[in-house]
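> This is the structure, below, for whatever I ask next.
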Amino acid sequence: MEPEASERPKDLVLEFPMGAIADPYRAHLHHIIPIDFNSVQKLPESHVWHDKSHESLFGVPSADPLPVPVIDLMDSEASSLMIQACETWGIFQVIGHGLTKFMEDVESEAEKLFGLPVDQKLKALRSPGGATGYGRPHISPFFDRHMWQEGFTIMGSPIDHAKQLWPQDYQGFCDTIDDYQNQMKALAEKIIRIFFKSLNINFEELNWLNDSGLSSPGTALQLNSYPPCPDPTRAMGMAAHTDTSLVTLVQQSKTSGLQVFKDGVGWVLVQPVPGALTVNLGDYLHILSNGMYTNVLHRAVVNQQIQRFSMAYFYAPPRDFTVSPVLSRVTGQMPKYRSLTVKEYVDLKGKHLEKALSLIQI
Ligand SMILES: O=C(O)CCC(=O)C(=O)O
Ligand SMILES: [Fe+2]
């Protein structure tokens with residue numbers, strides 16, 4: 001039976017042999033190299049998502065979408081509005097952050113990067129089993145269809161890959177990316193402190209959140225490009241997933257494409273607001289809040305006319321940090337999830353994707 005449009009899809013993983021997910025197939029180049037989008041006139045069968053067998057996963061956007069909350073950081077009520085938004089949506093957009101210049105600069109670098117000839121981009125290809133560089137979405141091995149997307153993942157300095165892309169002229173890209181990551185880190189930490197305060201977490205003692213210790217948070221910047229697609233209603237830009245983060249800051253270009261799943265409503269478009277950054281709540285805040293804050297299920301769809309870009313900055317605790325439902329201790333509720341380290345959760349998510357949370361349910 002197909003789920004109602006407004007019921008959160010429970011099984012997002014398509015028919016991919018489970019045994020293969022944990023084995024080296026995961027690192028196979030087939031799941032790393034994007035197709036040459038310029039040379040394709042017709043959507044290849046390998047990229048068709050919207051057919052009978054996948055209907056329930058695809059879903060249709062809600063006919064009467066409610067707007068995702070837009071919050072001005074200068075508003076004196078901003079903190080409580082964010083908290084409200086995450087009890088219901090798990091996502092909101094922020095304006096009034098003063099980061100427009102950095103956003104414009106990073107978007108033009110992303111355009112430059114994805115505009116390079118395919119052979120040039122392939123020089124910075126992610127290595128099998130590696131995390132950074134050019135390639136398909138990291139969630140690709142879980143799905144038996146390919147997504148209409150190419151990405152570039154950065155952790156720390158992008159200098160090694162940038163030198164492969166622009167041997168003579170890589171410094172501008174690196175400087176823009178460094179500045180952007182510094183700004184995004186500060187904003188992510190500001191938002192995380194608001195949520196930790198609401199959960200009574202003593203964040204003054206968390207050296208990784210206060211830049212005062214040996215351990216550092218896990219951060220990554222993902223540049224996404226979704227080229228114009230010959231058959232957008234049957235294709236998928238990025239399949240539905242939740243982020244393995246505390247929060248993710250997403251910058252969308254003017255072209256819409258990000259959709260979120262809202263219980264009782266269905267898929268809702270996150271309408272790009274000029275200058276706004278979208279804040280997605282990830283799995284770790286969901287666990288810490290004992291399920292009170294929604295880890296938003298989201299995906300990206302594509303269009304026929306315009307190449308769309310997005311920049312996603314992920315912020316997670318260090319790998320040795322223990323994630324446990326602290327809210328249950330405060331309120332006396334039964335914990336819904338068992339405690340585990342970030343490293344353990346990352347391993348579970350790497351093997352089971354969206355099933356990871358149900359595997360730690362008590
Ligand atoms: O392209 C988008 O708007 C979403 C990207 C995303 O969800 C991700 O990179 O995790
Ligand atoms: Fe995401």
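The chains in the structure tokens are called A, B, ... from first to last as shown; in each chain the residues are counted from 1, and the ligands are counted from 1 in the order shown.
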Which residues, written as a PyMOL selection string, have at least one atom at most 9 Å from stretch 183-187 of chain A, with only C-alpha atoms counted and residues fewer than 4 positions away on the same chain left out?
chain A and resi 97+99+102+178-179+191-192+219+249+313-315
> Go ahead and dump the residues you just picked, C-alpha atoms, as an mmCIF file, in the first residue's frame.

```cif
data_model
loop_
_atom_site.group_PDB
_atom_site.id
_atom_site.type_symbol
_atom_site.label_atom_id
_atom_site.label_comp_id
_atom_site.auth_asym_id
_atom_site.auth_seq_id
_atom_site.Cartn_x
_atom_site.Cartn_y
_atom_site.Cartn_z
ATOM 1 C CA HIS A 97 22.990 37.677 9.524
ATOM 2 C CA LEU A 99 26.885 37.494 5.560
ATOM 3 C CA PHE A 102 30.470 35.974 1.673
ATOM 4 C CA ASP A 178 38.193 29.754 4.082
ATOM 5 C CA ASP A 179 36.399 33.024 4.807
ATOM 6 C CA ILE A 191 22.431 28.796 16.648
ATOM 7 C CA ILE A 192 23.623 25.622 18.399
ATOM 8 C CA THR A 219 32.518 20.361 9.787
ATOM 9 C CA LEU A 249 23.334 25.906 6.951
ATOM 10 C CA TYR A 313 27.739 23.718 5.657
ATOM 11 C CA PHE A 314 27.480 20.800 8.117
ATOM 12 C CA TYR A 315 28.376 21.163 11.790
#
```
> Return as a list of chain:residue names every polymer residue, whether protein, DNA or RNA, with at least one atom no more than 6 Å from an atom of ligand 1; count only C-alpha atoms and all ligand atoms.
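Counting only C-alpha atoms and all ligand atoms, the residues within 6 Å of ligand 1 come out as A:Gln222, A:Gln252, A:Leu258, A:Arg299, A:Ala300, A:Ser310, A:Ala312.
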> Selected residues, C-alpha atoms, written as a CSV table (one decimal), in the first residue's frame, please.

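Output file out20.csv is given in full below:
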```
chain,number,residue,atom,x,y,z
A,222,GLN,CA,29.3,20.7,0.3
A,252,GLN,CA,20.3,28.2,-2.1
A,258,LEU,CA,14.9,22.4,-1.9
A,299,ARG,CA,15.5,16.5,-0.9
A,300,ALA,CA,16.3,18.6,-3.9
A,310,SER,CA,23.4,25.1,-3.3
A,312,ALA,CA,25.6,23.2,2.5
```
> Any residue with an atom at most 8 Å from ligand 2 counts, using only C-alpha atoms and all ligand atoms. Which are they? Put them as a ChimeraX atom specification.
/A:241-243,248,280,298-299,312
> Quick check for you: according to DSSP on this backbone, which residues of stretch 8-228 of chain A are classed as helix (DSSP H, G or I)? Reply as number ranges by chain.
A: 18-22, 24-27, 29-31, 37-39, 45-47, 52-58, 78-88, 100-114, 118-124, 140-142, 159-165, 171-198, 203-205, 207-209
> Need to verify the contact set: A:Leu116, 10 Å, only C-alpha atoms, exclusion of same-chain residues closer than 6 positions in sequence. Can you return it as a ChimeraX atom specification?
/A:122,165-166
> Those residues with C-alpha atoms, as a PDB file, in the first residue's frame please?

```pdb
ATOM      1  CA  LEU A 122      37.629  14.920 -12.952  1.00  0.00           C
ATOM      2  CA  LEU A 165      41.548  22.356 -10.804  1.00  0.00           C
ATOM      3  CA  TRP A 166      43.475  25.611 -11.290  1.00  0.00           C
TER       4      TRP A 166
END
```
> Extract, using only C-alpha atoms, all DNA, RNA and protein residues at most 9 Å from A:Phe309, discarding same-chain residues fewer than 4 positions from it, and format them as a PyMOL selection string.
chain A and resi 107+110-111+223-227+251-255
> Neighbours of A:Lys42 within 12 Å (only C-alpha atoms; same-chain residues fewer than 3 positions away dropped), as a list in words?
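In the requested format, the answer is Phe37, Asn38, Ser39, Glu45, Ser46, His47, Val48, Pro228, Cys229, Pro230, Asp231, Pro232, Arg234, Ala235 and Gln304 of chain A.
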> Dump N, CA and C atoms for the selected residues as an mmCIF file, in the first residue's frame?

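File selection_23.cif, as written:
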```cif
data_model
loop_
_atom_site.group_PDB
_atom_site.id
_atom_site.type_symbol
_atom_site.label_atom_id
_atom_site.label_comp_id
_atom_site.auth_asym_id
_atom_site.auth_seq_id
_atom_site.Cartn_x
_atom_site.Cartn_y
_atom_site.Cartn_z
ATOM 1 N N PHE A 37 26.829 15.843 -17.997
ATOM 2 C CA PHE A 37 25.475 16.363 -18.183
ATOM 3 C C PHE A 37 25.307 17.087 -19.525
ATOM 4 N N ASN A 38 26.407 17.686 -20.032
ATOM 5 C CA ASN A 38 26.320 18.452 -21.281
ATOM 6 C C ASN A 38 26.038 17.562 -22.487
ATOM 7 N N SER A 39 26.435 16.295 -22.388
ATOM 8 C CA SER A 39 26.322 15.449 -23.575
ATOM 9 C C SER A 39 25.015 14.652 -23.593
ATOM 10 N N GLU A 45 17.766 5.972 -18.520
ATOM 11 C CA GLU A 45 16.975 5.096 -17.628
ATOM 12 C C GLU A 45 17.570 5.039 -16.222
ATOM 13 N N SER A 46 18.906 5.064 -16.162
ATOM 14 C CA SER A 46 19.605 4.983 -14.867
ATOM 15 C C SER A 46 19.279 6.170 -13.959
ATOM 16 N N HIS A 47 18.712 7.241 -14.548
ATOM 17 C CA HIS A 47 18.422 8.452 -13.782
ATOM 18 C C HIS A 47 16.916 8.696 -13.618
ATOM 19 N N VAL A 48 16.094 7.726 -14.018
ATOM 20 C CA VAL A 48 14.640 7.900 -13.905
ATOM 21 C C VAL A 48 14.192 7.448 -12.516
ATOM 22 N N PRO A 228 20.624 21.862 -15.711
ATOM 23 C CA PRO A 228 19.283 21.757 -16.304
ATOM 24 C C PRO A 228 19.048 20.317 -16.735
ATOM 25 N N CYS A 229 17.809 19.845 -16.525
ATOM 26 C CA CYS A 229 17.544 18.427 -16.746
ATOM 27 C C CYS A 229 16.499 18.260 -17.857
ATOM 28 N N PRO A 230 16.743 17.372 -18.843
ATOM 29 C CA PRO A 230 15.791 17.233 -19.952
ATOM 30 C C PRO A 230 14.403 16.741 -19.530
ATOM 31 N N ASP A 231 14.287 16.100 -18.386
ATOM 32 C CA ASP A 231 12.996 15.521 -17.981
ATOM 33 C C ASP A 231 12.845 15.636 -16.455
ATOM 34 N N PRO A 232 12.731 16.881 -15.948
ATOM 35 C CA PRO A 232 12.865 17.096 -14.502
ATOM 36 C C PRO A 232 11.819 16.394 -13.640
ATOM 37 N N ARG A 234 10.713 13.509 -13.842
ATOM 38 C CA ARG A 234 11.020 12.086 -13.609
ATOM 39 C C ARG A 234 12.390 11.892 -12.957
ATOM 40 N N ALA A 235 13.099 13.008 -12.709
ATOM 41 C CA ALA A 235 14.458 12.913 -12.159
ATOM 42 C C ALA A 235 14.488 13.375 -10.708
ATOM 43 N N GLN A 304 14.199 22.279 -15.794
ATOM 44 C CA GLN A 304 14.666 22.110 -17.180
ATOM 45 C C GLN A 304 15.511 23.279 -17.675
#
```
> List the spatial neighbours of A:Val270 as a list in words - criterion: any atom at most 10 Å away, only C-alpha atoms, same-chain residues fewer than 4 positions off excluded.
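Here the answer would be Pro65, Leu66, Pro67, Val68, Pro69, Ile91, Phe92, Gln93, Gln252, Ser256, Gly257, Leu258, Gln259, Val260, Thr278, His298 and Ala300 of chain A.
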> Looking at only C-alpha atoms, which of A:Ala356, A:Met74, A:Val106, A:Val301 is the one that sits closest to A:Leu269?
A:Val301
> Within 12 Å of stretch 201-213 of chain A, counting only C-alpha atoms, which residues qualify if same-chain residues fewer than 4 places away don't, as a PyMOL selection string?
chain A and resi 185-197+217-219+246+285+288-289+315-327+329-330
> How many Å separate atom CA of A:Leu43 from atom CA of A:Tyr134?
21.8 Å
> By how many Å are atom CA of A:Asn295 and atom CA of A:Leu281 apart?
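Separating atom CA of A:Asn295 from atom CA of A:Leu281 is a distance of 5.1 Å.
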> Taking only C-alpha atoms into account, which of A:Ile95, A:Asp144, A:Pro158, A:Asp72 comes nearest A:Val273?
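Comparing A:Ile95, A:Asp144, A:Pro158, A:Asp72 against A:Val273, the winner is A:Ile95.
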> Among stretch 73-284 of chain A, which residues does DSSP mark as strand (DSSP E or B) when it is run on the backbone? Keep the chain and numbering as in the structure and answer as a PyMOL selection string.
chain A and resi 91-95+125+133-135+150-154+218-226+238-241+247-252+258-262+266-269+277-281
> Those same residues, written as a short mmCIF file (atom, residue, chain, number, x, y, z; two decimals), in the first residue's frame with N, CA and C atoms?

```cif
data_model
loop_
_atom_site.label_atom_id
_atom_site.label_comp_id
_atom_site.auth_asym_id
_atom_site.auth_seq_id
_atom_site.Cartn_x
_atom_site.Cartn_y
_atom_site.Cartn_z
N ILE A 91 13.23 23.13 10.40
CA ILE A 91 13.91 23.99 9.41
C ILE A 91 13.37 25.40 9.52
N PHE A 92 14.23 26.38 9.26
CA PHE A 92 13.79 27.77 9.16
C PHE A 92 14.82 28.50 8.30
N GLN A 93 14.45 29.70 7.84
CA GLN A 93 15.42 30.50 7.09
C GLN A 93 15.81 31.69 7.96
N VAL A 94 17.10 32.08 7.89
CA VAL A 94 17.50 33.27 8.66
C VAL A 94 17.94 34.39 7.74
N ILE A 95 17.51 35.60 8.11
CA ILE A 95 17.99 36.82 7.46
C ILE A 95 18.60 37.70 8.57
N LEU A 125 38.63 14.51 -8.72
CA LEU A 125 37.65 13.48 -8.34
C LEU A 125 37.94 12.94 -6.94
N GLY A 133 36.40 16.32 -2.48
CA GLY A 133 36.62 16.42 -3.91
C GLY A 133 35.33 16.35 -4.70
N TYR A 134 35.49 16.19 -6.01
CA TYR A 134 34.37 16.23 -6.97
C TYR A 134 33.71 14.85 -7.06
N GLY A 135 32.39 14.81 -7.13
CA GLY A 135 31.73 13.51 -7.31
C GLY A 135 30.23 13.57 -7.13
N GLU A 150 25.93 17.02 -9.35
CA GLU A 150 27.39 16.87 -9.19
C GLU A 150 27.77 17.71 -7.98
N GLY A 151 28.74 17.25 -7.20
CA GLY A 151 29.08 17.97 -5.97
C GLY A 151 30.57 18.08 -5.77
N PHE A 152 30.94 18.93 -4.82
CA PHE A 152 32.35 19.10 -4.47
C PHE A 152 32.39 19.27 -2.95
N THR A 153 33.07 18.33 -2.29
CA THR A 153 33.07 18.33 -0.82
C THR A 153 34.40 18.85 -0.28
N ILE A 154 34.29 19.71 0.72
CA ILE A 154 35.48 20.34 1.31
C ILE A 154 35.49 20.08 2.82
N GLY A 218 33.13 18.44 13.91
CA GLY A 218 33.26 17.90 12.55
C GLY A 218 32.50 18.82 11.61
N THR A 219 33.21 19.46 10.71
CA THR A 219 32.52 20.36 9.79
C THR A 219 32.86 19.98 8.34
N ALA A 220 31.94 20.29 7.44
CA ALA A 220 32.19 20.04 6.01
C ALA A 220 31.37 21.03 5.21
N LEU A 221 31.91 21.42 4.07
CA LEU A 221 31.18 22.30 3.15
C LEU A 221 30.96 21.52 1.85
N GLN A 222 29.68 21.43 1.48
CA GLN A 222 29.31 20.67 0.28
C GLN A 222 28.77 21.65 -0.76
N LEU A 223 29.47 21.77 -1.90
CA LEU A 223 28.95 22.60 -2.99
C LEU A 223 28.17 21.68 -3.92
N ASN A 224 26.93 22.04 -4.22
CA ASN A 224 26.09 21.19 -5.08
C ASN A 224 25.72 21.92 -6.36
N SER A 225 25.76 21.20 -7.47
CA SER A 225 25.27 21.76 -8.74
C SER A 225 24.24 20.80 -9.33
N TYR A 226 23.11 21.37 -9.76
CA TYR A 226 22.06 20.57 -10.39
C TYR A 226 21.87 21.16 -11.80
N MET A 238 18.60 15.48 -5.39
CA MET A 238 19.19 14.77 -4.26
C MET A 238 18.07 14.06 -3.52
N ALA A 239 18.24 12.76 -3.32
CA ALA A 239 17.18 11.95 -2.73
C ALA A 239 16.92 12.37 -1.28
N ALA A 240 15.72 12.05 -0.79
CA ALA A 240 15.32 12.44 0.57
C ALA A 240 16.27 11.85 1.61
N HIS A 241 16.66 12.70 2.55
CA HIS A 241 17.57 12.28 3.61
C HIS A 241 17.46 13.26 4.77
N VAL A 247 23.38 21.05 13.14
CA VAL A 247 22.65 21.89 12.18
C VAL A 247 23.43 21.93 10.87
N THR A 248 22.70 22.20 9.78
CA THR A 248 23.32 22.42 8.48
C THR A 248 22.81 23.77 7.98
N LEU A 249 23.74 24.62 7.52
CA LEU A 249 23.33 25.91 6.95
C LEU A 249 23.36 25.75 5.44
N VAL A 250 22.22 25.97 4.80
CA VAL A 250 22.14 25.77 3.34
C VAL A 250 21.89 27.11 2.66
N GLN A 251 22.77 27.40 1.71
CA GLN A 251 22.58 28.58 0.87
C GLN A 251 22.05 28.10 -0.46
N GLN A 252 20.87 28.59 -0.84
CA GLN A 252 20.29 28.21 -2.13
C GLN A 252 20.52 29.33 -3.13
N LEU A 258 14.92 23.04 -3.18
CA LEU A 258 14.93 22.35 -1.89
C LEU A 258 13.48 22.15 -1.42
N GLN A 259 13.17 20.92 -1.04
CA GLN A 259 11.84 20.62 -0.50
C GLN A 259 12.00 19.91 0.83
N VAL A 260 11.06 20.15 1.75
CA VAL A 260 11.11 19.48 3.05
C VAL A 260 9.80 18.73 3.27
N PHE A 261 9.90 17.67 4.06
CA PHE A 261 8.70 16.89 4.33
C PHE A 261 8.11 17.33 5.66
N LYS A 262 6.86 17.80 5.62
CA LYS A 262 6.22 18.22 6.86
C LYS A 262 5.08 17.23 7.17
N GLY A 266 2.99 17.04 3.75
CA GLY A 266 3.67 16.43 2.60
C GLY A 266 4.91 17.23 2.23
N TRP A 267 5.34 17.11 0.97
CA TRP A 267 6.54 17.83 0.52
C TRP A 267 6.24 19.30 0.29
N VAL A 268 7.05 20.16 0.88
CA VAL A 268 6.85 21.60 0.80
C VAL A 268 8.12 22.25 0.25
N LEU A 269 7.95 23.15 -0.71
CA LEU A 269 9.09 23.84 -1.30
C LEU A 269 9.64 24.90 -0.33
N LEU A 277 19.70 32.36 4.63
CA LEU A 277 20.33 31.05 4.78
C LEU A 277 19.30 30.12 5.40
N THR A 278 19.21 28.91 4.88
CA THR A 278 18.29 27.93 5.45
C THR A 278 19.02 27.15 6.52
N VAL A 279 18.37 26.93 7.66
CA VAL A 279 18.98 26.15 8.74
C VAL A 279 18.20 24.84 8.87
N ASN A 280 18.87 23.72 8.59
CA ASN A 280 18.25 22.39 8.75
C ASN A 280 18.70 21.80 10.06
N LEU A 281 17.78 21.29 10.84
CA LEU A 281 18.19 20.56 12.04
C LEU A 281 18.52 19.12 11.68
#
```
> Given only C-alpha atoms as the basis, pick out the residue of A:Gly291, A:Pro141, A:Gly98, A:Gly275 nearest to A:Ser328.
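Counting only C-alpha atoms, the residue closest to A:Ser328 is A:Gly291.
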> Have a look at A:Leu357, A:Val302, A:Gly90, A:Met155 and name the one nearest to A:Thr233; count only C-alpha atoms.
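Ranking A:Leu357, A:Val302, A:Gly90, A:Met155 by distance to A:Thr233, first place goes to A:Val302.
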